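Visitor: Quick one: structure below, then a few questions.
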Amino acid sequence: MNQFSFLPAVLAGASVALVANALPAAAVSFDFVRVPAFNNAINPASNFKVDVTDVGGKVQFSFTNSGSATATIADIYFGKSTTFSNYLNTSSVGIINNGTAAGGGVAFGAGAKPDNPGGGITWNAAFGSDPQNSGYLQNGVDSNVGESVAFKFDYALGSNLNNVLSGLSSGNLTLALHGTSIGGDNGGSDWFSNNSNITTKDIPEPFTMLGTAGALGFSALFKRQQNKRSKAQAKA
């Protein structure tokens, strides 16, 4: 028997672990609800989603806007400032703007005006962000044109994805956004908060499943080749 014949299977098996560690393990989605002090008959809350994902040892919040209502995501806030530091830190926040020509592009930056969310939300934000140019089809996240904005934070010391999800579910860590241009270009605005009562579920990432399946496929292929070589050697 070739003393190195086992190496392909070992390497293929090891690649499964490497793929699992290199790619996001979970993406958990939260809905938003309109806060009680609302102004508009149209409620675009069902448009707004945030996916919370571990990416390379950091936590990423990806905001999207898709549904039946016309609206724009403008200001986005992360709080509460009194408990925020238990979960995340703001020393280095990566902002990923994913815009389209149809929506005028997305261009969020660090800092928001006003400093804290409105609409009757009483907590102070630890981090806020808003687009360069507000308004429909400007630099916010517009509905149904495939736009998004994501924020990538370092974990606080001792924190991890499970802690962040627990904080969001309990309300100790809260997100808020300002929905503008509700109903169209000259529409009004309202404030929205993540639904802390939602039941969250792990959602396998497509690339994680693809990578793992590929690694397992290679492992099976190498094993078949090894069996063929063993049978051929036995007949010789």
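Each chain in the structure tokens gets a letter, A, B, ..., in the order shown, and its residues are numbered from 1; ligands are numbered from 1 in order too.
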Give me, as JSON, numbers by chain, all polymer residues having an atom no more than 6 Å from range 125-132 of chain A, counting only C-alpha atoms and skipping those fewer than 3 positions away in the same chain.
Guide: {"A": [74, 75, 76, 77, 78, 79, 80, 81, 107, 108, 109, 110, 111, 112, 116, 139, 140]}
Visitor: To one decimal place in Å, what is the distance between CA of Tyr136 in chain A and CA of Thr64 in chain A?
Guide: 15.1 Å
Visitor: Could you pull out the residues in range 58-228 of chain A that DSSP calls strand (DSSP E or B) from the backbone, as a PyMOL selection string?
Guide: chain A and resi 58-65+72-79+88-98+108-111+127-131+141-142+148-155+174-182+188-194+203
Visitor: Take the residues that were just selected and, keeping C-alpha atoms, output them as a PDB file, in the first residue's frame.
Guide:
ATOM      1  CA  LYS A  58     -16.864  40.835  13.423  1.00  0.00           C
ATOM      2  CA  VAL A  59     -20.625  41.335  13.450  1.00  0.00           C
ATOM      3  CA  GLN A  60     -22.315  42.823  10.393  1.00  0.00           C
ATOM      4  CA  PHE A  61     -25.762  44.462  10.282  1.00  0.00           C
ATOM      5  CA  SER A  62     -27.186  44.584   6.731  1.00  0.00           C
ATOM      6  CA  PHE A  63     -30.278  46.769   6.189  1.00  0.00           C
ATOM      7  CA  THR A  64     -32.598  46.191   3.213  1.00  0.00           C
ATOM      8  CA  ASN A  65     -35.815  47.801   1.998  1.00  0.00           C
ATOM      9  CA  THR A  72     -36.465  55.283   1.961  1.00  0.00           C
ATOM     10  CA  ILE A  73     -34.243  54.251   4.866  1.00  0.00           C
ATOM     11  CA  ALA A  74     -32.464  57.417   5.992  1.00  0.00           C
ATOM     12  CA  ASP A  75     -30.965  57.741   9.488  1.00  0.00           C
ATOM     13  CA  ILE A  76     -29.915  54.513  11.252  1.00  0.00           C
ATOM     14  CA  TYR A  77     -29.097  54.328  14.974  1.00  0.00           C
ATOM     15  CA  PHE A  78     -27.498  51.720  17.227  1.00  0.00           C
ATOM     16  CA  GLY A  79     -28.208  51.894  20.965  1.00  0.00           C
ATOM     17  CA  LEU A  88     -20.101  46.074  20.456  1.00  0.00           C
ATOM     18  CA  ASN A  89     -17.503  48.804  20.200  1.00  0.00           C
ATOM     19  CA  THR A  90     -17.386  51.742  17.832  1.00  0.00           C
ATOM     20  CA  SER A  91     -13.607  52.259  17.635  1.00  0.00           C
ATOM     21  CA  SER A  92     -13.631  51.024  14.047  1.00  0.00           C
ATOM     22  CA  VAL A  93     -16.907  50.685  12.121  1.00  0.00           C
ATOM     23  CA  GLY A  94     -16.897  49.545   8.498  1.00  0.00           C
ATOM     24  CA  ILE A  95     -19.735  50.886   6.329  1.00  0.00           C
ATOM     25  CA  ILE A  96     -20.636  48.981   3.160  1.00  0.00           C
ATOM     26  CA  ASN A  97     -22.806  50.984   0.752  1.00  0.00           C
ATOM     27  CA  ASN A  98     -24.538  48.896  -1.902  1.00  0.00           C
ATOM     28  CA  PHE A 108     -23.989  56.492   4.383  1.00  0.00           C
ATOM     29  CA  GLY A 109     -21.239  57.830   6.633  1.00  0.00           C
ATOM     30  CA  ALA A 110     -20.437  57.886  10.349  1.00  0.00           C
ATOM     31  CA  GLY A 111     -22.551  60.313  12.355  1.00  0.00           C
ATOM     32  CA  PHE A 127     -23.642  55.134  16.952  1.00  0.00           C
ATOM     33  CA  GLY A 128     -25.608  56.788  14.188  1.00  0.00           C
ATOM     34  CA  SER A 129     -25.349  57.117  10.430  1.00  0.00           C
ATOM     35  CA  ASP A 130     -27.203  58.920   7.662  1.00  0.00           C
ATOM     36  CA  PRO A 131     -26.872  59.372   3.890  1.00  0.00           C
ATOM     37  CA  VAL A 141     -31.738  52.836   0.876  1.00  0.00           C
ATOM     38  CA  ASP A 142     -34.718  53.090  -1.476  1.00  0.00           C
ATOM     39  CA  SER A 148     -28.644  48.003   1.054  1.00  0.00           C
ATOM     40  CA  VAL A 149     -26.264  49.386   3.637  1.00  0.00           C
ATOM     41  CA  ALA A 150     -24.241  47.335   6.116  1.00  0.00           C
ATOM     42  CA  PHE A 151     -22.295  48.202   9.256  1.00  0.00           C
ATOM     43  CA  LYS A 152     -19.497  45.977  10.537  1.00  0.00           C
ATOM     44  CA  PHE A 153     -18.545  46.288  14.216  1.00  0.00           C
ATOM     45  CA  ASP A 154     -15.887  44.730  16.405  1.00  0.00           C
ATOM     46  CA  TYR A 155     -17.314  42.744  19.293  1.00  0.00           C
ATOM     47  CA  THR A 174     -31.731  48.209  20.056  1.00  0.00           C
ATOM     48  CA  LEU A 175     -31.745  49.459  16.458  1.00  0.00           C
ATOM     49  CA  ALA A 176     -33.781  52.340  15.070  1.00  0.00           C
ATOM     50  CA  LEU A 177     -34.225  53.784  11.614  1.00  0.00           C
ATOM     51  CA  HIS A 178     -35.904  56.804  10.089  1.00  0.00           C
ATOM     52  CA  GLY A 179     -38.184  55.908   7.183  1.00  0.00           C
ATOM     53  CA  THR A 180     -38.661  58.861   4.839  1.00  0.00           C
ATOM     54  CA  SER A 181     -40.439  59.588   1.525  1.00  0.00           C
ATOM     55  CA  ILE A 182     -43.236  57.276   2.663  1.00  0.00           C
ATOM     56  CA  GLY A 188     -43.802  61.978   5.103  1.00  0.00           C
ATOM     57  CA  SER A 189     -41.592  60.128   7.576  1.00  0.00           C
ATOM     58  CA  ASP A 190     -41.853  57.867  10.605  1.00  0.00           C
ATOM     59  CA  TRP A 191     -39.539  56.085  13.029  1.00  0.00           C
ATOM     60  CA  PHE A 192     -39.049  52.337  13.376  1.00  0.00           C
ATOM     61  CA  SER A 193     -37.403  50.017  15.882  1.00  0.00           C
ATOM     62  CA  ASN A 194     -36.303  46.412  15.551  1.00  0.00           C
ATOM     63  CA  ILE A 203     -30.051  30.873   8.297  1.00  0.00           C
TER      64      ILE A 203
END
Visitor: Going by DSSP on the backbone, which residues of range 6-115 of chain A come out as alpha helix (DSSP H)? List them as number ranges by chain.
Guide: A: 7-22
Visitor: Excluding Gly183 in chain A and residues on its chain fewer than 6 positions from it, collect all residues at most 8 Å away from it, counting only C-alpha atoms, and give them as a list in words.
Guide: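 Returned residues: Ile42, Ala69, Thr70 and Ala71 of chain A.
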Visitor: Can you tell me how far CA of Asn47 in chain A sits from CA of Asn124 in chain A, in Å to one decimal?
Guide: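 Interatomic distance here is 24.7 Å.
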Visitor: Identify, on the basis of only C-alpha atoms, every residue whose closest approach to Phe30 in chain A does not exceed 7 Å; exclude the query and any residue fewer than 4 positions from it along the same chain; express the result as an NGL selection string.
Guide: :A and (49-51 or 194-195 or 198)
Visitor: Kindly save the residues from that selection, with N, CA and C atoms included, as a PDB file, in the first residue's frame.
Guide:
ATOM      1  N   LYS A  49     -35.768  45.244   6.858  1.00  0.00           N
ATOM      2  CA  LYS A  49     -35.159  44.061   7.482  1.00  0.00           C
ATOM      3  C   LYS A  49     -33.702  44.375   7.815  1.00  0.00           C
ATOM      4  N   VAL A  50     -33.194  43.691   8.829  1.00  0.00           N
ATOM      5  CA  VAL A  50     -31.766  43.734   9.108  1.00  0.00           C
ATOM      6  C   VAL A  50     -31.278  42.307   9.332  1.00  0.00           C
ATOM      7  N   ASP A  51     -30.258  41.910   8.595  1.00  0.00           N
ATOM      8  CA  ASP A  51     -29.621  40.610   8.782  1.00  0.00           C
ATOM      9  C   ASP A  51     -28.377  40.799   9.625  1.00  0.00           C
ATOM     10  N   ASN A 194     -36.303  47.853  15.793  1.00  0.00           N
ATOM     11  CA  ASN A 194     -36.303  46.412  15.551  1.00  0.00           C
ATOM     12  C   ASN A 194     -37.264  45.709  16.502  1.00  0.00           C
ATOM     13  N   ASN A 195     -37.902  44.675  16.012  1.00  0.00           N
ATOM     14  CA  ASN A 195     -38.851  43.905  16.802  1.00  0.00           C
ATOM     15  C   ASN A 195     -38.079  42.989  17.739  1.00  0.00           C
ATOM     16  N   ILE A 198     -39.186  39.112  18.189  1.00  0.00           N
ATOM     17  CA  ILE A 198     -39.180  38.150  17.094  1.00  0.00           C
ATOM     18  C   ILE A 198     -38.398  36.900  17.477  1.00  0.00           C
TER      19      ILE A 198
END
Visitor: Quick one: pull the distance between CA of Gly67 in chain A and CA of Ala27 in chain A, Å, one decimal.
Guide: 20.3 Å
